[in-house]
>>> print(open('upload_10.tsv').read())   # TSV, C-alpha atoms and all ligand atoms
chain	number	residue	atom	x	y	z
A	633	MET	CA	-282.01	-28.40	-104.54
A	634	LYS	CA	-280.42	-30.70	-102.00
A	635	PRO	CA	-282.60	-31.06	-98.87
A	636	SER	CA	-281.30	-29.79	-95.52
A	637	VAL	CA	-282.45	-32.86	-93.63
A	638	ALA	CA	-280.94	-36.36	-93.50
A	639	ILE	CA	-282.88	-39.08	-91.71
A	640	LEU	CA	-280.99	-42.10	-90.46
A	641	LEU	CA	-283.51	-44.96	-90.43
A	642	GLY	CA	-282.44	-47.67	-88.00
A	643	SER	CA	-285.18	-50.28	-87.92
A	644	ALA	CA	-284.80	-54.03	-88.33
A	645	ARG	CA	-287.18	-53.71	-91.29
A	646	SER	CA	-287.20	-51.19	-94.11
A	647	GLU	CA	-290.97	-50.98	-94.50
A	648	GLY	CA	-292.13	-51.27	-90.91
A	649	ASN	CA	-293.75	-48.79	-88.55
A	650	THR	CA	-290.72	-46.53	-88.17
A	651	ALA	CA	-290.22	-46.43	-91.95
A	652	LYS	CA	-293.91	-45.53	-92.34
A	653	LEU	CA	-293.56	-42.69	-89.84
A	654	VAL	CA	-290.46	-41.44	-91.67
A	655	SER	CA	-292.32	-41.67	-94.96
A	656	ALA	CA	-295.24	-39.64	-93.57
A	657	LEU	CA	-292.81	-36.97	-92.34
A	658	THR	CA	-290.98	-36.80	-95.67
A	659	GLN	CA	-294.28	-36.11	-97.41
A	660	ASN	CA	-294.29	-32.82	-95.48
A	661	ILE	CA	-290.59	-31.89	-95.50
A	662	GLY	CA	-287.73	-32.39	-97.94
A	663	ALA	CA	-285.36	-35.02	-96.57
A	664	LYS	CA	-283.02	-37.75	-97.72
A	665	VAL	CA	-283.46	-41.07	-95.93
A	666	TYR	CA	-280.46	-43.29	-95.21
A	667	ASP	CA	-281.59	-46.81	-94.30
A	668	LEU	CA	-279.00	-48.40	-92.01
A	669	ARG	CA	-279.98	-51.84	-93.30
A	670	ARG	CA	-278.30	-50.95	-96.59
A	671	TYR	CA	-274.94	-50.38	-94.90
A	672	GLN	CA	-272.50	-52.88	-93.45
A	673	ILE	CA	-271.45	-51.29	-90.17
A	674	LYS	CA	-269.62	-53.36	-87.59
A	675	ALA	CA	-269.62	-52.81	-83.85
A	676	PHE	CA	-267.14	-50.44	-82.19
A	677	ASP	CA	-263.66	-51.88	-81.90
A	678	TYR	CA	-261.00	-50.56	-79.48
A	679	ASP	CA	-258.33	-51.19	-82.12
A	680	PHE	CA	-260.44	-49.43	-84.75
A	681	ALA	CA	-260.15	-52.52	-86.90
A	682	ASN	CA	-263.40	-51.75	-88.76
A	683	GLN	CA	-262.30	-48.68	-90.68
A	684	GLU	CA	-262.97	-50.28	-94.04
A	685	ASP	CA	-266.68	-50.90	-93.47
A	686	ASP	CA	-269.44	-48.49	-94.56
A	687	PHE	CA	-269.46	-46.30	-91.44
A	688	GLN	CA	-267.17	-43.51	-92.66
A	689	LEU	CA	-268.85	-43.49	-96.07
A	690	LEU	CA	-272.24	-43.00	-94.41
A	691	MET	CA	-270.93	-40.41	-91.93
A	692	ASN	CA	-269.34	-38.38	-94.74
A	693	GLN	CA	-272.71	-38.27	-96.47
A	694	LEU	CA	-274.61	-37.35	-93.31
A	695	LEU	CA	-272.19	-34.57	-92.42
A	696	GLU	CA	-273.24	-32.75	-95.59
A	697	TYR	CA	-276.63	-31.98	-94.02
A	698	PRO	CA	-277.22	-29.33	-91.34
A	699	ILE	CA	-280.01	-31.44	-89.79
A	700	ILE	CA	-279.51	-35.14	-89.02
A	701	LEU	CA	-282.51	-36.96	-87.53
A	702	PHE	CA	-282.33	-40.41	-85.96
A	703	ALA	CA	-285.30	-42.72	-86.60
A	704	SER	CA	-285.58	-45.79	-84.41
A	705	PRO	CA	-288.20	-48.15	-83.02
A	706	VAL	CA	-288.07	-48.87	-79.31
A	707	TYR	CA	-286.61	-52.35	-78.90
A	708	TRP	CA	-286.35	-53.45	-75.28
A	709	TYR	CA	-286.62	-49.91	-73.84
A	710	ALA	CA	-283.72	-48.75	-76.02
A	711	PRO	CA	-282.88	-47.71	-79.59
A	712	SER	CA	-282.53	-50.53	-82.11
A	713	ALA	CA	-279.21	-52.39	-82.23
A	714	GLN	CA	-278.58	-50.84	-85.66
A	715	VAL	CA	-278.82	-47.32	-84.22
A	716	LYS	CA	-276.85	-48.24	-81.10
A	717	ILE	CA	-274.00	-49.62	-83.20
A	718	PHE	CA	-274.02	-46.44	-85.28
A	719	ILE	CA	-273.89	-44.29	-82.12
A	720	ASP	CA	-271.08	-46.40	-80.65
A	721	ARG	CA	-269.11	-45.93	-83.85
A	722	LEU	CA	-269.35	-42.13	-83.50
A	723	SER	CA	-266.52	-42.70	-81.03
A	724	ASP	CA	-264.26	-43.30	-84.06
A	725	PHE	CA	-264.84	-39.67	-85.02
A	726	LEU	CA	-264.00	-38.49	-81.52
A	727	LYS	CA	-260.92	-40.62	-80.92
A	728	LEU	CA	-259.07	-41.13	-84.20
A	729	ASP	CA	-256.78	-38.22	-85.08
A	730	ALA	CA	-257.60	-38.58	-88.77
A	731	LEU	CA	-261.33	-38.18	-88.05
A	732	LYS	CA	-261.44	-35.74	-85.12
A	733	ASP	CA	-261.82	-32.60	-87.24
A	734	LYS	CA	-264.84	-34.11	-88.94
A	735	GLY	CA	-266.20	-35.29	-85.60
A	736	ARG	CA	-266.15	-31.69	-84.34
A	737	ILE	CA	-268.47	-30.73	-87.20
A	738	LEU	CA	-271.23	-32.58	-85.32
A	739	ARG	CA	-271.31	-29.63	-82.89
A	740	SER	CA	-272.73	-27.45	-85.63
A	741	LYS	CA	-275.55	-29.88	-86.45
A	742	TYR	CA	-279.21	-29.89	-85.52
A	743	THR	CA	-280.69	-33.22	-84.60
A	744	GLY	CA	-283.78	-34.96	-83.27
A	745	VAL	CA	-285.50	-38.30	-82.90
A	746	ILE	CA	-288.27	-40.06	-84.77
A	747	ALA	CA	-289.56	-43.03	-82.79
A	748	THR	CA	-292.26	-45.68	-82.68
A	749	SER	CA	-293.19	-48.17	-80.01
A	750	ALA	CA	-295.95	-50.50	-78.93
A	751	SER	CA	-296.39	-48.53	-75.71
A	752	PRO	CA	-298.51	-45.38	-75.79
A	753	GLU	CA	-295.75	-43.31	-74.16
A	754	LEU	CA	-292.15	-43.07	-75.33
A	755	GLU	CA	-289.91	-45.01	-72.96
A	756	PRO	CA	-287.90	-42.50	-70.83
A	757	SER	CA	-284.84	-44.79	-71.07
A	758	PHE	CA	-284.99	-44.59	-74.89
A	759	ALA	CA	-285.40	-40.82	-74.92
A	760	SER	CA	-282.60	-40.22	-72.43
A	761	ILE	CA	-280.06	-42.19	-74.49
A	762	PHE	CA	-280.58	-39.73	-77.35
A	763	ASP	CA	-280.81	-36.63	-75.13
A	764	ASN	CA	-277.55	-37.49	-73.38
A	765	THR	CA	-275.78	-38.44	-76.61
A	766	PHE	CA	-276.79	-35.22	-78.40
A	767	ARG	CA	-275.73	-33.16	-75.38
A	768	TYR	CA	-272.36	-34.93	-75.21
A	769	LEU	CA	-271.77	-34.37	-78.92
A	770	GLY	CA	-272.79	-30.71	-78.66
A	771	MET	CA	-275.57	-31.12	-81.22
A	772	THR	CA	-278.66	-28.91	-81.05
A	773	ASN	CA	-281.66	-31.06	-80.21
A	774	ILE	CA	-284.82	-30.02	-82.06
A	775	GLY	CA	-286.93	-32.59	-80.18
A	776	SER	CA	-288.75	-35.77	-81.03
A	777	LEU	CA	-291.61	-37.14	-83.07
A	778	PHE	CA	-293.19	-40.18	-81.44
A	779	ARG	CA	-295.94	-42.41	-82.85
A	780	TYR	CA	-297.62	-45.11	-80.80
A	781	CYS	CA	-297.85	-48.14	-83.09
A	782	GLU	CA	-300.06	-50.89	-81.86
A	783	ASN	CA	-299.79	-53.54	-84.60
A	784	GLU	CA	-299.30	-52.08	-88.11
A	785	PRO	CA	-301.15	-48.76	-88.34
A	786	GLU	CA	-301.56	-46.58	-91.41
A	787	ILE	CA	-299.75	-43.30	-90.73
A	788	SER	CA	-300.97	-40.11	-92.38
A	789	PRO	CA	-298.72	-37.08	-92.91
A	790	LYS	CA	-301.71	-35.01	-91.73
A	791	GLU	CA	-301.59	-36.35	-88.17
A	792	PRO	CA	-301.25	-33.36	-85.83
A	793	ALA	CA	-298.00	-34.53	-84.19
A	794	ILE	CA	-296.41	-35.08	-87.61
A	795	VAL	CA	-297.58	-31.69	-88.90
A	796	GLU	CA	-296.28	-30.02	-85.72
A	797	PHE	CA	-292.87	-31.71	-85.99
A	798	SER	CA	-292.69	-30.89	-89.73
A	799	ASP	CA	-293.34	-27.21	-88.93
A	800	LYS	CA	-290.62	-27.28	-86.29
A	801	ILE	CA	-288.14	-28.71	-88.80
A	802	GLU	CA	-289.17	-26.20	-91.46
A	803	LYS	CA	-288.51	-23.34	-89.02
A	804	VAL	CA	-285.00	-24.66	-88.36
A	805	VAL	CA	-284.41	-25.03	-92.12
A	806	GLN	CA	-285.48	-21.40	-92.63
A	807	HIS	CA	-283.27	-20.28	-89.74
A	808	ILE	CA	-280.27	-22.09	-91.26
A	809	SER	CA	-280.85	-20.65	-94.73
A	810	GLY	CA	-281.20	-17.17	-93.17
A	811	LEU	CA	-277.83	-17.64	-91.45
A	812	ARG	CA	-276.29	-18.89	-94.70
A	813	SER	CA	-277.48	-15.91	-96.73
A	814	SER	CA	-276.28	-13.42	-94.11
A	815	LYS	CA	-272.86	-15.14	-94.15
A	816	ILE	CA	-272.77	-14.85	-97.96
A	817	GLN	CA	-273.77	-11.17	-97.65
A	818	VAL	CA	-270.95	-10.53	-95.15
A	819	ALA	CA	-268.46	-12.33	-97.45
A	820	GLU	CA	-269.59	-10.24	-100.44
A	821	ASN	CA	-269.36	-7.01	-98.46
A	822	THR	CA	-265.87	-7.94	-97.23
A	823	ALA	CA	-264.74	-8.77	-100.78
A	824	THR	CA	-265.89	-5.43	-102.20
B	901	LIG	C1	-287.29	-56.87	-80.57
B	901	LIG	C2	-288.41	-55.94	-80.23
B	901	LIG	C3	-288.41	-55.32	-78.99
B	901	LIG	C4	-289.42	-54.42	-78.68
B	901	LIG	N1	-289.39	-53.79	-77.46
B	901	LIG	C5	-290.34	-52.87	-77.16
B	901	LIG	C6	-290.28	-52.14	-75.93
B	901	LIG	O1	-289.39	-52.31	-75.10
B	901	LIG	N2	-291.26	-51.23	-75.69
B	901	LIG	C7	-292.28	-51.00	-76.58
B	901	LIG	O2	-293.13	-50.18	-76.32
B	901	LIG	N3	-292.33	-51.66	-77.76
B	901	LIG	C8	-291.40	-52.58	-78.08
B	901	LIG	N4	-291.44	-53.24	-79.28
B	901	LIG	C9	-292.47	-52.87	-80.28
B	901	LIG	C10	-291.91	-51.91	-81.32
B	901	LIG	O3	-291.30	-50.78	-80.71
B	901	LIG	C11	-293.00	-51.39	-82.26
B	901	LIG	O4	-293.71	-52.44	-82.82
B	901	LIG	C12	-292.36	-50.52	-83.35
B	901	LIG	O5	-293.36	-49.74	-83.94
B	901	LIG	C13	-291.70	-51.40	-84.40
B	901	LIG	O6	-291.14	-50.59	-85.40
B	901	LIG	P1	-290.49	-51.25	-86.71
B	901	LIG	O7	-291.63	-51.77	-87.53
B	901	LIG	O8	-289.78	-50.13	-87.39
B	901	LIG	O9	-289.59	-52.31	-86.22
B	901	LIG	C14	-290.47	-54.16	-79.61
B	901	LIG	C15	-290.46	-54.82	-80.85
B	901	LIG	C16	-289.45	-55.69	-81.16
B	901	LIG	C17	-289.46	-56.37	-82.52
>>> encode(input="upload_10.tsv", output="structure tokens", more="lines below")
Ligand SMILES: Cc1cc2nc3c(=O)[nH]c(=O)nc-3n(C[C@H](O)[C@H](O)[C@H](O)COP(=O)(O)O)c2cc1C
Amino acid sequence: MKPSVAILLGSARSEGNTAKLVSALTQNIGAKVYDLRRYQIKAFDYDFANQEDDFQLLMNQLLEYPIILFASPVYWYAPSAQVKIFIDRLSDFLKLDALKDKGRILRSKYTGVIATSASPELEPSFASIFDNTFRYLGMTNIGSLFRYCENEPEISPKEPAIVEFSDKIEKVVQHISGLRSSKIQVAENTAT
């Protein structure tokens, strides 16, 4: 069965600390990981001249999941450039007539953040970029999973914070599947 969770991995390396945290999480929950390094996505352009790059392809895939998590290291108090470019490009889905209907689908999505940094506390500036963005887009914010990564730690899926976040996600997955089955029930009752 297709998982309910997509994770957008936006690190400058595919096997670094953030990837390890994502991997630990996906040992607990079913999720499909989309590594931004595999996609050619150009920066936002006011003339929307970048429509032929991989952004729409990736967005179309992500929009198939009810839960879309953003995974990013903290680089200079902020999300990685890869994630920031992706977020900037969401404007395409808000501004272009051909994409607006799809952009509105974001309002029905659950989201959250998976983050690593070399500081023991998550930078407030980093967290607020995501909080504000999710609020603006009307997405439901599940919360964040943060792992302090001094150097290159091993990350176990059994770490309490990872288990706690996994449980949170599982509860949302169950909630969504409950809503889906009651919608199907209503449709069946209406048809009969
Ligand atoms: C360019 C760059 C900027 C960074 N800036 C910060 C920072 O502002 N605050 C912080 O705590 N750690 C910072 N770090 C450390 C990373 O957040 C940390 O090592 C993270 O776990 C790296 O994840 P990655 O392996 O997925 O890149 C920075 C690392 C790099 C490479």
>>> closest_residue(input="upload_10.tsv", among="A:Leu701, A:Ala644, A:Leu690, A:Ile639", to="ligand LIG 901 (chain B)", atoms="all atoms listed in the file")
A:Ala644
>>> residues_near_ligand(input="upload_10.tsv", ligand="ligand LIG 901 (chain B)", cutoff="6 Å", atoms="only C-alpha atoms and all ligand atoms", output="CSV table (one decimal) with C-alpha atoms, keeping the file's coordinate frame")
chain,number,residue,atom,x,y,z
A,643,SER,CA,-285.2,-50.3,-87.9
A,644,ALA,CA,-284.8,-54.0,-88.3
A,645,ARG,CA,-287.2,-53.7,-91.3
A,648,GLY,CA,-292.1,-51.3,-90.9
A,649,ASN,CA,-293.8,-48.8,-88.6
A,650,THR,CA,-290.7,-46.5,-88.2
A,651,ALA,CA,-290.2,-46.4,-92.0
A,705,PRO,CA,-288.2,-48.2,-83.0
A,706,VAL,CA,-288.1,-48.9,-79.3
A,707,TYR,CA,-286.6,-52.4,-78.9
A,708,TRP,CA,-286.4,-53.4,-75.3
A,709,TYR,CA,-286.6,-49.9,-73.8
A,748,THR,CA,-292.3,-45.7,-82.7
A,749,SER,CA,-293.2,-48.2,-80.0
A,750,ALA,CA,-296.0,-50.5,-78.9
A,751,SER,CA,-296.4,-48.5,-75.7
A,781,CYS,CA,-297.8,-48.1,-83.1
>>> residues_around(input="upload_10.tsv", residues="Asn660 (chain A)", least_positions_apart="5", cutoff="8 Å", atoms="all atoms listed in the file", output="short mmCIF file (atom, residue, chain, number, x, y, z; two decimals) with C-alpha atoms, in the coordinates of the input")
data_model
loop_
_atom_site.label_atom_id
_atom_site.label_comp_id
_atom_site.auth_asym_id
_atom_site.auth_seq_id
_atom_site.Cartn_x
_atom_site.Cartn_y
_atom_site.Cartn_z
CA PRO A 789 -298.72 -37.08 -92.91
CA VAL A 795 -297.58 -31.69 -88.90
CA SER A 798 -292.69 -30.89 -89.73
#
>>> closest_residue(input="upload_10.tsv", among="A:Val804, A:Glu753, A:Ala819, A:Arg670", to="Glu782 (chain A)", atoms="only C-alpha atoms")
A:Glu753
>>> atom_distance(input="upload_10.tsv", atom1="CA of Lys664 (chain A)", atom2="CA of Lys790 (chain A)")
19.8 Å
>>> closest_residue(input="upload_10.tsv", among="A:Ser760, A:Ile801, A:Ile673, A:Ala730", to="Leu777 (chain A)", atoms="only C-alpha atoms")
A:Ile801
>>> residues_near_point(input="upload_10.tsv", point="(-282.0, -43.5, -91.7)", cutoff="7 Å", atoms="all atoms listed in the file", output="PyMOL selection string")
chain A and resi 639-642+665-668+702-703
>>> write_last_selection(input="upload_10.tsv", atoms="C-alpha atoms", output="PDB file, keeping the file's coordinate frame")
ATOM      1  CA  ILE A 639    -282.880 -39.080 -91.710  1.00  0.00           C
ATOM      2  CA  LEU A 640    -280.990 -42.100 -90.460  1.00  0.00           C
ATOM      3  CA  LEU A 641    -283.510 -44.960 -90.430  1.00  0.00           C
ATOM      4  CA  GLY A 642    -282.440 -47.670 -88.000  1.00  0.00           C
ATOM      5  CA  VAL A 665    -283.460 -41.070 -95.930  1.00  0.00           C
ATOM      6  CA  TYR A 666    -280.460 -43.290 -95.210  1.00  0.00           C
ATOM      7  CA  ASP A 667    -281.590 -46.810 -94.300  1.00  0.00           C
ATOM      8  CA  LEU A 668    -279.000 -48.400 -92.010  1.00  0.00           C
ATOM      9  CA  PHE A 702    -282.330 -40.410 -85.960  1.00  0.00           C
ATOM     10  CA  ALA A 703    -285.300 -42.720 -86.600  1.00  0.00           C
TER      11      ALA A 703
END
>>> atom_distance(input="upload_10.tsv", atom1="CA of Ile787 (chain A)", atom2="CA of Ile774 (chain A)")
21.8 Å
>>> closest_residue(input="upload_10.tsv", among="A:Lys727, A:Pro752, A:Glu786, A:Arg739", to="Ser655 (chain A)", atoms="only C-alpha atoms")
A:Glu786
>>> atom_distance(input="upload_10.tsv", atom1="CA of Tyr742 (chain A)", atom2="CA of Pro785 (chain A)")
29.1 Å
>>> closest_residue(input="upload_10.tsv", among="A:Phe680, A:Phe725, A:Phe778, A:Tyr671", to="Leu695 (chain A)", atoms="only C-alpha atoms")
A:Phe725
>>> residues_near_point(input="upload_10.tsv", point="(-282.3, -49.2, -76.6)", cutoff="10 Å", atoms="all atoms listed in the file", output="CSV table (one decimal) with C-alpha atoms, in the frame of the given file")
chain,number,residue,atom,x,y,z
A,704,SER,CA,-285.6,-45.8,-84.4
A,705,PRO,CA,-288.2,-48.2,-83.0
A,706,VAL,CA,-288.1,-48.9,-79.3
A,707,TYR,CA,-286.6,-52.4,-78.9
A,708,TRP,CA,-286.4,-53.4,-75.3
A,709,TYR,CA,-286.6,-49.9,-73.8
A,710,ALA,CA,-283.7,-48.8,-76.0
A,711,PRO,CA,-282.9,-47.7,-79.6
A,712,SER,CA,-282.5,-50.5,-82.1
A,713,ALA,CA,-279.2,-52.4,-82.2
A,714,GLN,CA,-278.6,-50.8,-85.7
A,715,VAL,CA,-278.8,-47.3,-84.2
A,716,LYS,CA,-276.8,-48.2,-81.1
A,755,GLU,CA,-289.9,-45.0,-73.0
A,757,SER,CA,-284.8,-44.8,-71.1
A,758,PHE,CA,-285.0,-44.6,-74.9
A,759,ALA,CA,-285.4,-40.8,-74.9
A,760,SER,CA,-282.6,-40.2,-72.4
A,761,ILE,CA,-280.1,-42.2,-74.5
A,762,PHE,CA,-280.6,-39.7,-77.4
>>> closest_residue(input="upload_10.tsv", among="A:His807, A:Lys652, A:Arg721, A:Arg779", to="Asp677 (chain A)", atoms="all atoms listed in the file")
A:Arg721
